[in-house]
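**Q** Below is one structure. I have some questions about it.
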Amino acid sequence: MARAAKIERIRTHVLRYRLKPEEKFQSAFSTFHDRWACLVEVTCEGGLTGWGECLGPARANAATVADMAGLLVGRDALDIEPNWLLVYDQFRDQGQRGLTMTALSGIDIALWDIAGKHFGVPVNRLLGGAFRTSIPAYATGGFRPVERKRREAVVEEVSRYAAAGFTGMKIKIGFGIEDDAAVIGAVREAIGPDRALMIDANHGYDAVEAIRLGQRVAEFDIGWFEEPVVPEHLEAYRDVRARQPIPVAGGETWHGRTAFAEAIRLRAVDVLQPDVCGCGGFTELRKIVAMAETAGIRVVPHVWGTAVGMAAALQAISTLPPTPPRHEAREPWFEYDRTPHPYREELAGNPLTFADGRIGVPDGPGLGIEPDPQVLAAYAAE
Ligand SMILES: [Mg+2]
């Protein structure tokens, strides 16, 4: 019988960096003025500590985690599934999706980190073992800058990614069909025919516009068309899939297995993008992956966070089974945010490695990274 790891304390770290005017950028519906993060630190009696991260509004996540903490203090951190269900059951009535699930994700990731450290293995070993030790990374960027002309800025940016060795990249669209089509064409010309190019509308279109845009830019060999329409409209996703040629991706704002089950049943997307920091942590992600696998739908997780969230995603992606089964397996991508964010990787005492277009899966116990206390203090939100 394994030794227990009794939870003594759960606390959050809300981090903030105010972007300089020239660093500010826009997606289809929002302007980024700050880089926020909500990290979860779970400490056990005896000092064993695990870390997690919550996707989405940092202060609201922190408040929700604080509310959940009382349920878990005194319990065994290694009872991951019972702990998950205990919290979910108590918050279900108002919390099947949204902040409850993002907060619970951060706690769940921290508990898996503790379990890995307790048993002295990386999380991917606890999840059944890794299929790969490094993952091809695509660069996420190409937002609309606030202070510069979009087209020249995005072309310059993707050229940097190509020079850095990225074999794929994703740019943001949702700023109007004409403008988007011109930028997509310019980007394809800049990066050449061999690199993968994905587009992400951050649900800035409706089905009519998304279909027109997809038909218009398919000639530029687009890997996927992400979040063409708002995530609530699953039938509209089906329309977009049926009436334009680019594979459709989505899932970063769906939470919990029931939301994913509906999208999978309707075959709303070609590429499912659960975020381990949002969908319910490793515990829920593996159930979502099992459903997608059963339905024959690709999984390429969404990643948007600090080194903690990145390490969690790397652990998870390393365990995704190769599909379809064949000798030269298609590999899942790791989404590597390259937008301005000074503490994203600085946070990791032992930094993540990127070489030849691939990012290494940390092989230390748990998540395999440890936040640097000095960085936590330097970016602590007041
Ligand atoms: Mg996205």
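Labeling convention for the structure tokens: chains A, B, ... as they appear, residues from 1 per chain, ligands from 1 in order of appearance.
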Find the residues near Gly116 (chain A): any atom within 6 Å, counting only C-alpha atoms, skip ones fewer than 6 places away on the same chain, and give them as a PyMOL selection string.
**A** chain A and resi 122-123+365-366
**Q** Which residues, written as a PDB file with N, CA and C atoms, in the first residue's frame, have at least one atom at most 9 Å from Ala261 (chain A), with only C-alpha atoms counted and residues fewer than 5 positions away on the same chain left out?
**A**
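Writing the result to around.pdb gives the following:
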ATOM      1  N   GLY A 256     -15.216  19.618 -19.975  1.00  0.00           N
ATOM      2  CA  GLY A 256     -15.840  18.415 -19.430  1.00  0.00           C
ATOM      3  C   GLY A 256     -16.216  17.445 -20.536  1.00  0.00           C
ATOM      4  N   LEU A 266     -21.900  14.718 -32.857  1.00  0.00           N
ATOM      5  CA  LEU A 266     -22.354  15.470 -34.036  1.00  0.00           C
ATOM      6  C   LEU A 266     -21.281  15.558 -35.117  1.00  0.00           C
ATOM      7  N   ILE A 288     -11.841  12.232 -22.665  1.00  0.00           N
ATOM      8  CA  ILE A 288     -12.178  12.912 -23.917  1.00  0.00           C
ATOM      9  C   ILE A 288     -11.386  12.287 -25.073  1.00  0.00           C
ATOM     10  N   MET A 291     -12.896   9.032 -26.108  1.00  0.00           N
ATOM     11  CA  MET A 291     -14.110   9.194 -26.930  1.00  0.00           C
ATOM     12  C   MET A 291     -13.754   9.574 -28.359  1.00  0.00           C
ATOM     13  N   ALA A 292     -12.802  10.495 -28.502  1.00  0.00           N
ATOM     14  CA  ALA A 292     -12.405  10.940 -29.844  1.00  0.00           C
ATOM     15  C   ALA A 292     -11.796   9.786 -30.626  1.00  0.00           C
TER      16      ALA A 292
END
**Q** Per residue of chain A within 9 Å of ligand 1, record the nearest atom pair and its distance in Å to one decimal, counting only C-alpha atoms and all ligand atoms, with rows in chain order and ascending residue number, as a Markdown table.
**A**
| residue | atom | partner | partner_atom_place_in_ligand_line | distance |
| --- | --- | --- | --- | --- |
| A:Thr140 | CA | ligand 1 | 1 (Mg) | 8.9 |
| A:Lys172 | CA | ligand 1 | 1 (Mg) | 8.3 |
| A:Ile199 | CA | ligand 1 | 1 (Mg) | 8.8 |
| A:Asp200 | CA | ligand 1 | 1 (Mg) | 5.6 |
| A:Ala201 | CA | ligand 1 | 1 (Mg) | 7.4 |
| A:Asn202 | CA | ligand 1 | 1 (Mg) | 5.6 |
| A:His203 | CA | ligand 1 | 1 (Mg) | 8.6 |
| A:Glu226 | CA | ligand 1 | 1 (Mg) | 6.1 |
| A:Glu227 | CA | ligand 1 | 1 (Mg) | 6.5 |
| A:Ala249 | CA | ligand 1 | 1 (Mg) | 8.7 |
| A:Gly250 | CA | ligand 1 | 1 (Mg) | 7.4 |
| A:Gly251 | CA | ligand 1 | 1 (Mg) | 8.4 |
| A:Glu252 | CA | ligand 1 | 1 (Mg) | 6.6 |
| A:Thr253 | CA | ligand 1 | 1 (Mg) | 8.8 |
| A:Gln273 | CA | ligand 1 | 1 (Mg) | 8.6 |
| A:His302 | CA | ligand 1 | 1 (Mg) | 7.0 |
| A:Val303 | CA | ligand 1 | 1 (Mg) | 8.7 |
| A:Trp304 | CA | ligand 1 | 1 (Mg) | 8.8 |
**Q** So that I have them on file, write out the residues from the current selection with C-alpha atoms, as a short mmCIF file (atom, residue, chain, number, x, y, z; two decimals), in the first residue's frame.
**A**
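Contents of result.cif, as written:
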data_model
loop_
_atom_site.label_atom_id
_atom_site.label_comp_id
_atom_site.auth_asym_id
_atom_site.auth_seq_id
_atom_site.Cartn_x
_atom_site.Cartn_y
_atom_site.Cartn_z
CA THR A 140 1.02 30.29 -32.55
CA LYS A 172 -5.21 34.66 -36.32
CA ILE A 199 -5.82 29.66 -39.37
CA ASP A 200 -7.77 30.51 -36.21
CA ALA A 201 -10.82 32.79 -36.33
CA ASN A 202 -11.41 32.76 -32.54
CA HIS A 203 -15.10 32.41 -33.47
CA GLU A 226 -9.95 26.75 -36.04
CA GLU A 227 -13.03 28.07 -34.23
CA ALA A 249 -10.88 22.45 -35.58
CA GLY A 250 -12.29 23.47 -32.20
CA GLY A 251 -12.63 22.58 -28.55
CA GLU A 252 -10.54 24.99 -26.48
CA THR A 253 -13.68 26.43 -24.89
CA GLN A 273 -8.63 20.63 -29.31
CA HIS A 302 -4.95 23.51 -27.34
CA VAL A 303 -2.14 25.13 -25.32
CA TRP A 304 -2.11 28.71 -24.00
#
**Q** Mind checking which residues fall within 10 Å of region 144-150 of chain A, counting only C-alpha atoms, ignoring those fewer than 6 positions away in the same chain, and posting them as a VMD selection string?
**A** chain A and resid 21 to 28 31 to 33 156 171 to 175 179 to 180 183
**Q** Could you pull out the strand (DSSP E or B) residues of region 85-250 of chain A, going by DSSP on the backbone, and write them as a VMD selection string?
**A** chain A and resid 122 134 to 140 144 to 145 168 to 172 196 to 200 222 to 226 248 to 250
**Q** Put those residues in a file: N, CA and C atoms, as a compact mmCIF listing (two decimals), in the first residue's frame.
**A**
# COMPACT_ATOMS: atom_id res chain seq x y z
N PRO A 122 7.56 10.63 -14.44
CA PRO A 122 6.79 11.68 -15.09
C PRO A 122 5.31 11.29 -15.19
N SER A 134 9.67 13.70 -27.82
CA SER A 134 9.60 15.10 -28.27
C SER A 134 8.44 15.22 -29.24
N ILE A 135 7.96 16.44 -29.41
CA ILE A 135 6.73 16.66 -30.19
C ILE A 135 6.97 17.82 -31.16
N PRO A 136 6.60 17.65 -32.44
CA PRO A 136 6.75 18.78 -33.36
C PRO A 136 5.88 19.95 -32.89
N ALA A 137 6.47 21.13 -32.88
CA ALA A 137 5.75 22.29 -32.37
C ALA A 137 5.36 23.22 -33.51
N TYR A 138 4.14 23.71 -33.46
CA TYR A 138 3.79 24.78 -34.40
C TYR A 138 3.73 26.09 -33.62
N ALA A 139 4.16 27.17 -34.26
CA ALA A 139 4.17 28.48 -33.61
C ALA A 139 2.78 29.11 -33.70
N THR A 140 2.27 29.53 -32.56
CA THR A 140 1.02 30.29 -32.55
C THR A 140 1.35 31.76 -32.41
N ARG A 144 -3.31 40.37 -34.75
CA ARG A 144 -3.26 41.71 -35.32
C ARG A 144 -2.64 42.64 -34.30
N PRO A 145 -1.48 43.25 -34.63
CA PRO A 145 -0.88 44.17 -33.66
C PRO A 145 -1.73 45.43 -33.53
N GLY A 168 5.57 24.39 -38.73
CA GLY A 168 4.18 24.77 -38.84
C GLY A 168 3.91 26.03 -38.06
N MET A 169 2.87 26.75 -38.47
CA MET A 169 2.48 27.94 -37.72
C MET A 169 1.01 28.22 -37.88
N LYS A 170 0.49 28.99 -36.93
CA LYS A 170 -0.95 29.32 -36.96
C LYS A 170 -1.10 30.82 -36.81
N ILE A 171 -1.91 31.39 -37.68
CA ILE A 171 -2.15 32.83 -37.59
C ILE A 171 -3.62 33.09 -37.25
N LYS A 172 -3.86 34.29 -36.75
CA LYS A 172 -5.21 34.66 -36.32
C LYS A 172 -5.93 35.37 -37.45
N ALA A 196 3.48 23.78 -42.60
CA ALA A 196 2.04 23.73 -42.32
C ALA A 196 1.55 25.12 -41.91
N LEU A 197 0.38 25.47 -42.39
CA LEU A 197 -0.23 26.75 -42.02
C LEU A 197 -1.66 26.51 -41.56
N MET A 198 -1.95 26.95 -40.33
CA MET A 198 -3.29 26.84 -39.79
C MET A 198 -3.86 28.24 -39.56
N ILE A 199 -5.18 28.36 -39.62
CA ILE A 199 -5.82 29.66 -39.37
C ILE A 199 -6.82 29.51 -38.22
N ASP A 200 -6.93 30.55 -37.41
CA ASP A 200 -7.77 30.51 -36.21
C ASP A 200 -8.62 31.77 -36.15
N ILE A 222 -4.37 24.97 -46.27
CA ILE A 222 -4.53 25.29 -44.85
C ILE A 222 -4.75 23.99 -44.06
N GLY A 223 -3.94 23.82 -43.01
CA GLY A 223 -4.01 22.59 -42.21
C GLY A 223 -5.34 22.42 -41.49
N TRP A 224 -5.79 23.48 -40.87
CA TRP A 224 -7.14 23.47 -40.29
C TRP A 224 -7.64 24.89 -40.12
N PHE A 225 -8.96 25.00 -40.00
CA PHE A 225 -9.67 26.26 -39.81
C PHE A 225 -10.26 26.16 -38.40
N GLU A 226 -9.62 26.89 -37.47
CA GLU A 226 -9.95 26.75 -36.04
C GLU A 226 -11.03 27.73 -35.61
N VAL A 248 -11.96 21.40 -40.13
CA VAL A 248 -12.39 22.33 -39.08
C VAL A 248 -11.90 21.84 -37.72
N ALA A 249 -11.39 22.79 -36.91
CA ALA A 249 -10.88 22.45 -35.58
C ALA A 249 -11.63 23.27 -34.52
N GLY A 250 -11.67 22.73 -33.31
CA GLY A 250 -12.29 23.47 -32.20
C GLY A 250 -12.26 22.65 -30.93
**Q** Run DSSP on the backbone and tell me which residues of region 94-304 of chain A come out as helix (DSSP H, G or I); list them as a PyMOL selection string.
**A** chain A and resi 94-95+99-119+123-126+150-163+177-191+207-220+234-243+256-265+281-295
